[in-house]
Amino acid sequence: MTSATSNPTMRVVSQDTFGDSSVLRVVDVPKPSPKPTEILVKVHAAGTNPVDYKTREGTGMAGVLGSPPFVLGWDVAGVVEEIGFGVTTFQVGDEVYGMPWFPRAAGGYGEYVTAPSRQFAPKPASISFEQAAAVPLAALTAWQAIVDTAQVLSGQRVLITAGAGGVGHLAVQIARSRGAEVISTASERNHAWLRELGATTVIDYTAVRFEDEVEDIDVVIDLAGDAQDSTSLRSLKTLRPGGLLVSVPGGVSPGLAEAALRQGVRATGILVEPDGEALRRIGALIDDGSIHVEVEQVLPLEDAAKAHDAAESGHTRGKIVLSLV
């Protein structure tokens, strides 16, 4: 028997072409249903990230998503509304957060998402849905760079560029939770805040060249790299022999790899992956007070364009989040 509610829809922020933030628009699309091993999550909040506006413009993950139309967004926090066959890790009503499907399309800028259950984790109990939505992509990037790739140990010296950003402020805290001595770059207005988060030294990149201020670094997490590799190339000079550069935004170009080899250090890129188990560990650090989540602004879903414009300004502290409730 067919009813009027047999084909429900949901609101999403979609785009039909690449371009500036004006291409984003709210439309109705069919509500998804979970396949086996998947859960359907009613999204309460969605995080925004630099990869979102880069993809919107035609770079970022556009090569993975293909041509528009598509729905951006990978960071979500919400409540499980339905579970697919085989799911044992969650029940209907559970509060969860995650970074599903990255770098494939997840449709995070929407009222519902479906994805494999193990790409999610229980939402940290001590924070709001808006704060939780700010965590997954940024924290997993930091975690996979610091813990999985660099395997940072207590007593090591870690330099984190762009420490006040979404990934940066979480990377500072994760490195500190590992017992590392953390040095970060940031504008002067964020120095006191980053020290509160655990940075021992903060360098004003607008006033001095950071590579002239520090040396004998074990690991550099470069979150400010650009197409010319300038920040990553400069970071190599701070490393001790055998030290490691993890270049996050742009990866490692042939020129950067050659420069690292000449200087007797190592360099690698990284692209974040979904990891529900790591999110459980990150959530525990949030709940025990080891990690603070900074949300600069919460906007309604309809203001996704404003969120992108604010993020592209390059002067945000922490994250900008979209609310769907």
# chains A, B, ... in the order shown; residues from 1 in each chain; ligands from 1
call {"tool": "select_by_dssp", "arguments": {"residues": "range 124-205 of chain A", "states": "strand (DSSP E)", "output": "list of chain:residue names"}}
result
A:Arg157, A:Val158, A:Leu159, A:Ile160, A:Glu181, A:Val182, A:Ile183, A:Ser184, A:Thr185, A:Thr201, A:Val202, A:Ile203
call {"tool": "write_last_selection", "arguments": {"atoms": "all heavy atoms", "output": "short mmCIF file (atom, residue, chain, number, x, y, z; two decimals), in the first residue's frame"}}
result
data_model
loop_
_atom_site.label_atom_id
_atom_site.label_comp_id
_atom_site.auth_asym_id
_atom_site.auth_seq_id
_atom_site.Cartn_x
_atom_site.Cartn_y
_atom_site.Cartn_z
N ARG A 157 60.02 17.05 20.31
CA ARG A 157 59.69 18.44 20.00
C ARG A 157 58.91 18.47 18.69
O ARG A 157 59.41 17.98 17.66
CB ARG A 157 60.96 19.29 19.88
CG ARG A 157 61.62 19.55 21.22
CD ARG A 157 63.05 20.04 21.11
NE ARG A 157 63.22 21.16 20.20
CZ ARG A 157 63.01 22.44 20.51
NH1 ARG A 157 62.57 22.75 21.73
NH2 ARG A 157 63.22 23.41 19.64
N VAL A 158 57.70 19.02 18.74
CA VAL A 158 56.80 19.03 17.59
C VAL A 158 56.46 20.46 17.22
O VAL A 158 56.01 21.24 18.07
CB VAL A 158 55.51 18.24 17.89
CG1 VAL A 158 54.55 18.31 16.70
CG2 VAL A 158 55.82 16.79 18.24
N LEU A 159 56.68 20.81 15.96
CA LEU A 159 56.31 22.13 15.43
C LEU A 159 55.03 21.98 14.62
O LEU A 159 54.96 21.15 13.71
CB LEU A 159 57.42 22.70 14.55
CG LEU A 159 57.08 23.96 13.75
CD1 LEU A 159 56.77 25.13 14.67
CD2 LEU A 159 58.22 24.31 12.79
N ILE A 160 54.02 22.78 14.95
CA ILE A 160 52.74 22.75 14.25
C ILE A 160 52.49 24.13 13.66
O ILE A 160 52.37 25.11 14.41
CB ILE A 160 51.59 22.35 15.20
CG1 ILE A 160 51.82 20.93 15.73
CG2 ILE A 160 50.24 22.46 14.48
CD1 ILE A 160 50.89 20.55 16.85
N GLU A 181 56.72 18.30 23.52
CA GLU A 181 56.89 19.74 23.65
C GLU A 181 56.37 20.36 22.35
O GLU A 181 56.87 20.03 21.27
CB GLU A 181 58.35 20.12 23.86
CG GLU A 181 58.59 21.62 23.92
CD GLU A 181 60.05 21.98 23.95
OE1 GLU A 181 60.89 21.08 24.15
OE2 GLU A 181 60.36 23.17 23.75
N VAL A 182 55.38 21.22 22.43
CA VAL A 182 54.70 21.73 21.24
C VAL A 182 55.09 23.18 20.99
O VAL A 182 54.96 24.04 21.87
CB VAL A 182 53.18 21.62 21.38
CG1 VAL A 182 52.49 22.13 20.13
CG2 VAL A 182 52.77 20.17 21.66
N ILE A 183 55.55 23.43 19.76
CA ILE A 183 55.81 24.77 19.28
C ILE A 183 54.84 25.03 18.14
O ILE A 183 54.61 24.15 17.31
CB ILE A 183 57.27 24.92 18.78
CG1 ILE A 183 58.26 24.59 19.90
CG2 ILE A 183 57.50 26.32 18.22
CD1 ILE A 183 58.79 23.19 19.85
N SER A 184 54.24 26.21 18.11
CA SER A 184 53.25 26.48 17.06
C SER A 184 53.45 27.87 16.48
O SER A 184 54.02 28.76 17.13
CB SER A 184 51.84 26.37 17.64
OG SER A 184 50.86 26.56 16.63
N THR A 185 52.97 28.05 15.26
CA THR A 185 52.93 29.38 14.66
C THR A 185 51.49 29.87 14.65
O THR A 185 50.56 29.10 14.46
CB THR A 185 53.47 29.39 13.22
OG1 THR A 185 52.59 28.62 12.38
CG2 THR A 185 54.87 28.79 13.16
N THR A 201 55.73 27.11 23.16
CA THR A 201 56.21 28.29 22.45
C THR A 201 55.28 28.59 21.29
O THR A 201 54.87 27.67 20.57
CB THR A 201 57.64 28.06 21.90
OG1 THR A 201 58.50 27.69 22.99
CG2 THR A 201 58.18 29.30 21.21
N VAL A 202 54.94 29.85 21.10
CA VAL A 202 54.13 30.27 19.96
C VAL A 202 54.86 31.39 19.23
O VAL A 202 55.32 32.35 19.85
CB VAL A 202 52.73 30.76 20.39
CG1 VAL A 202 51.85 30.99 19.17
CG2 VAL A 202 52.06 29.75 21.33
N ILE A 203 54.98 31.24 17.93
CA ILE A 203 55.75 32.17 17.10
C ILE A 203 54.82 32.96 16.21
O ILE A 203 53.96 32.39 15.53
CB ILE A 203 56.77 31.39 16.23
CG1 ILE A 203 57.72 30.58 17.13
CG2 ILE A 203 57.54 32.33 15.31
CD1 ILE A 203 58.53 29.57 16.36
#
call {"tool": "residues_around", "arguments": {"residues": "range 141-154 of chain A", "least_positions_apart": "4", "cutoff": "9 Å", "atoms": "only C-alpha atoms", "output": "PyMOL selection string"}}
result
chain A and resi 136-137+158+167-168+170-172+174-181+218-219+221+244-246+248+268-273+278+282
call {"tool": "closest_residue", "arguments": {"among": "A:Val220, A:Ala311, A:His292, A:Thr114", "to": "Trp193 in chain A", "atoms": "only C-alpha atoms"}}
result
A:His292
call {"tool": "atom_distance", "arguments": {"atom1": "CA of Gly264 in chain A", "atom2": "CA of Ala186 in chain A"}}
result
27.4 Å
call {"tool": "residues_around", "arguments": {"residues": "range 62-72 of chain A", "least_positions_apart": "3", "cutoff": "9 Å", "atoms": "only C-alpha atoms", "output": "NGL selection string"}}
result
:A and (12-18 or 52-59 or 103-110)
call {"tool": "write_last_selection", "arguments": {"atoms": "C-alpha atoms", "output": "compact mmCIF listing (two decimals), in the first residue's frame"}}
result
# COMPACT_ATOMS: atom_id res chain seq x y z
CA VAL A 12 20.45 19.69 1.59
CA VAL A 13 22.85 22.37 0.40
CA SER A 14 23.71 21.51 -3.18
CA GLN A 15 25.53 23.13 -6.09
CA ASP A 16 25.00 22.77 -9.82
CA THR A 17 28.31 24.26 -10.91
CA PHE A 18 31.76 25.10 -9.58
CA ASP A 52 34.66 22.08 1.40
CA TYR A 53 35.20 25.46 -0.22
CA LYS A 54 38.15 24.19 -2.24
CA THR A 55 35.94 21.41 -3.64
CA ARG A 56 33.14 23.91 -4.27
CA GLU A 57 35.56 25.90 -6.43
CA GLY A 58 36.69 22.84 -8.40
CA THR A 59 39.87 21.82 -6.54
CA PRO A 103 36.98 11.56 0.27
CA ARG A 104 33.88 10.24 -1.53
CA ALA A 105 30.63 12.18 -1.25
CA ALA A 106 28.93 11.96 2.14
CA GLY A 107 26.35 14.74 1.79
CA GLY A 108 27.05 16.16 5.23
CA TYR A 109 25.29 19.44 4.46
CA GLY A 110 21.92 17.73 4.76
call {"tool": "closest_residue", "arguments": {"among": "A:Leu233, A:Met99, A:Ala133, A:Ala305", "to": "Glu277 in chain A", "atoms": "only C-alpha atoms"}}
result
A:Met99
call {"tool": "closest_residue", "arguments": {"among": "A:Leu301, A:Ile83, A:Val265, A:Leu285", "to": "Thr238 in chain A", "atoms": "only C-alpha atoms"}}
result
A:Val265
call {"tool": "select_by_dssp", "arguments": {"residues": "range 269-310 of chain A", "states": "alpha helix (DSSP H)", "output": "VMD selection string"}}
result
chain A and resid 276 to 287 304 to 310
call {"tool": "residues_around", "arguments": {"residues": "Pro249 in chain A", "least_positions_apart": "5", "cutoff": "8 Å", "atoms": "only C-alpha atoms", "output": "list in words"}}
result
Asp222, Leu223, Ala224, Gly225 and Asp226 of chain A
call {"tool": "write_last_selection", "arguments": {"atoms": "all heavy atoms", "output": "PDB file, in the first residue's frame"}}
result
ATOM      1  N   ASP A 222      52.917  20.382   9.132  1.00  0.00           N
ATOM      2  CA  ASP A 222      52.707  21.616   8.374  1.00  0.00           C
ATOM      3  C   ASP A 222      51.265  21.672   7.885  1.00  0.00           C
ATOM      4  O   ASP A 222      50.871  20.922   7.001  1.00  0.00           O
ATOM      5  CB  ASP A 222      53.673  21.717   7.194  1.00  0.00           C
ATOM      6  CG  ASP A 222      53.462  23.000   6.397  1.00  0.00           C
ATOM      7  OD1 ASP A 222      52.924  23.968   6.981  1.00  0.00           O
ATOM      8  OD2 ASP A 222      53.812  23.023   5.209  1.00  0.00           O
ATOM      9  N   LEU A 223      50.508  22.598   8.474  1.00  0.00           N
ATOM     10  CA  LEU A 223      49.107  22.782   8.108  1.00  0.00           C
ATOM     11  C   LEU A 223      48.897  24.037   7.284  1.00  0.00           C
ATOM     12  O   LEU A 223      47.764  24.377   6.955  1.00  0.00           O
ATOM     13  CB  LEU A 223      48.249  22.865   9.382  1.00  0.00           C
ATOM     14  CG  LEU A 223      48.379  21.674  10.325  1.00  0.00           C
ATOM     15  CD1 LEU A 223      47.649  21.949  11.629  1.00  0.00           C
ATOM     16  CD2 LEU A 223      47.859  20.404   9.664  1.00  0.00           C
ATOM     17  N   ALA A 224      49.989  24.718   6.939  1.00  0.00           N
ATOM     18  CA  ALA A 224      49.889  25.982   6.206  1.00  0.00           C
ATOM     19  C   ALA A 224      50.515  25.894   4.832  1.00  0.00           C
ATOM     20  O   ALA A 224      50.703  26.913   4.174  1.00  0.00           O
ATOM     21  CB  ALA A 224      50.554  27.104   7.011  1.00  0.00           C
ATOM     22  N   GLY A 225      50.879  24.708   4.382  1.00  0.00           N
ATOM     23  CA  GLY A 225      51.554  24.548   3.100  1.00  0.00           C
ATOM     24  C   GLY A 225      50.769  25.116   1.946  1.00  0.00           C
ATOM     25  O   GLY A 225      49.551  25.227   1.994  1.00  0.00           O
ATOM     26  N   ASP A 226      51.460  25.507   0.906  1.00  0.00           N
ATOM     27  CA  ASP A 226      50.811  26.067  -0.271  1.00  0.00           C
ATOM     28  C   ASP A 226      51.351  25.402  -1.528  1.00  0.00           C
ATOM     29  O   ASP A 226      52.198  24.509  -1.460  1.00  0.00           O
ATOM     30  CB  ASP A 226      51.000  27.589  -0.341  1.00  0.00           C
ATOM     31  CG  ASP A 226      52.465  27.999  -0.265  1.00  0.00           C
ATOM     32  OD1 ASP A 226      53.306  27.287  -0.844  1.00  0.00           O
ATOM     33  OD2 ASP A 226      52.761  29.032   0.362  1.00  0.00           O
TER      34      ASP A 226
END
call {"tool": "closest_residue", "arguments": {"among": "A:Val87, A:Ile217, A:Val113, A:Met10", "to": "Gly155 in chain A", "atoms": "only C-alpha atoms"}}
result
A:Ile217
call {"tool": "atom_distance", "arguments": {"atom1": "CA of Gly163 in chain A", "atom2": "CA of Leu256 in chain A"}}
result
21.9 Å
call {"tool": "residues_around", "arguments": {"residues": "Asp309 in chain A", "least_positions_apart": "5", "cutoff": "12 Å", "atoms": "only C-alpha atoms", "output": "list in words"}}
result
Asp20, Ser21, Ser22, Leu24, Thr48, Asn49, Pro50, Asp52, Tyr53, Lys54, Arg56, Asp303, Ala304, Gly314, His315, Thr316 and Ile320 of chain A
call {"tool": "write_last_selection", "arguments": {"atoms": "N, CA and C atoms", "output": "tab-separated table (two decimals), in the first residue's frame"}}
result
chain	number	residue	atom	x	y	z
A	20	ASP	N	32.09	30.43	-6.74
A	20	ASP	CA	32.19	31.01	-5.41
A	20	ASP	C	30.99	30.57	-4.57
A	21	SER	N	30.88	31.12	-3.37
A	21	SER	CA	29.86	30.63	-2.44
A	21	SER	C	28.44	30.84	-2.93
A	22	SER	N	28.25	31.70	-3.92
A	22	SER	CA	26.90	31.97	-4.42
A	22	SER	C	26.29	30.76	-5.13
A	24	LEU	N	26.01	27.83	-3.90
A	24	LEU	CA	25.38	26.96	-2.91
A	24	LEU	C	23.91	27.32	-2.74
A	48	THR	N	32.18	22.54	8.89
A	48	THR	CA	32.75	22.99	7.62
A	48	THR	C	34.26	22.94	7.71
A	49	ASN	N	34.90	22.73	6.57
A	49	ASN	CA	36.36	22.60	6.50
A	49	ASN	C	36.88	23.25	5.23
A	50	PRO	N	38.17	23.62	5.20
A	50	PRO	CA	38.74	24.19	3.97
A	50	PRO	C	38.53	23.32	2.74
A	52	ASP	N	36.00	21.83	1.92
A	52	ASP	CA	34.66	22.08	1.40
A	52	ASP	C	34.68	23.20	0.36
A	53	TYR	N	35.23	24.36	0.75
A	53	TYR	CA	35.20	25.46	-0.22
A	53	TYR	C	36.18	25.24	-1.37
A	54	LYS	N	37.25	24.50	-1.12
A	54	LYS	CA	38.15	24.19	-2.24
A	54	LYS	C	37.44	23.29	-3.25
A	56	ARG	N	34.19	23.07	-3.65
A	56	ARG	CA	33.14	23.91	-4.27
A	56	ARG	C	33.69	24.68	-5.47
A	303	ASP	N	22.67	29.28	5.69
A	303	ASP	CA	23.77	30.24	5.60
A	303	ASP	C	25.10	29.56	5.30
A	304	ALA	N	25.05	28.44	4.58
A	304	ALA	CA	26.28	27.75	4.22
A	304	ALA	C	27.23	28.65	3.45
A	314	GLY	N	40.39	33.11	6.20
A	314	GLY	CA	41.66	32.67	6.77
A	314	GLY	C	41.95	33.18	8.15
A	315	HIS	N	40.96	33.77	8.80
A	315	HIS	CA	41.21	34.37	10.11
A	315	HIS	C	40.31	33.79	11.20
A	316	THR	N	39.80	32.59	10.98
A	316	THR	CA	38.91	31.98	11.98
A	316	THR	C	39.74	31.28	13.05
A	320	ILE	N	33.84	26.57	12.03
A	320	ILE	CA	32.51	27.13	11.76
A	320	ILE	C	31.59	25.95	11.49
call {"tool": "atom_distance", "arguments": {"atom1": "CA of Ala164 in chain A", "atom2": "CA of Ala125 in chain A"}}
result
24.4 Å
call {"tool": "closest_residue", "arguments": {"among": "A:Asp204, A:Pro241, A:Gly60, A:Ala138", "to": "Ala192 in chain A", "atoms": "only C-alpha atoms"}}
result
A:Asp204
call {"tool": "residues_around", "arguments": {"residues": "Val96 in chain A", "least_positions_apart": "4", "cutoff": "9 Å", "atoms": "only C-alpha atoms", "output": "VMD selection string"}}
result
chain A and resid 41 76 to 80 90 120 to 124 129 132
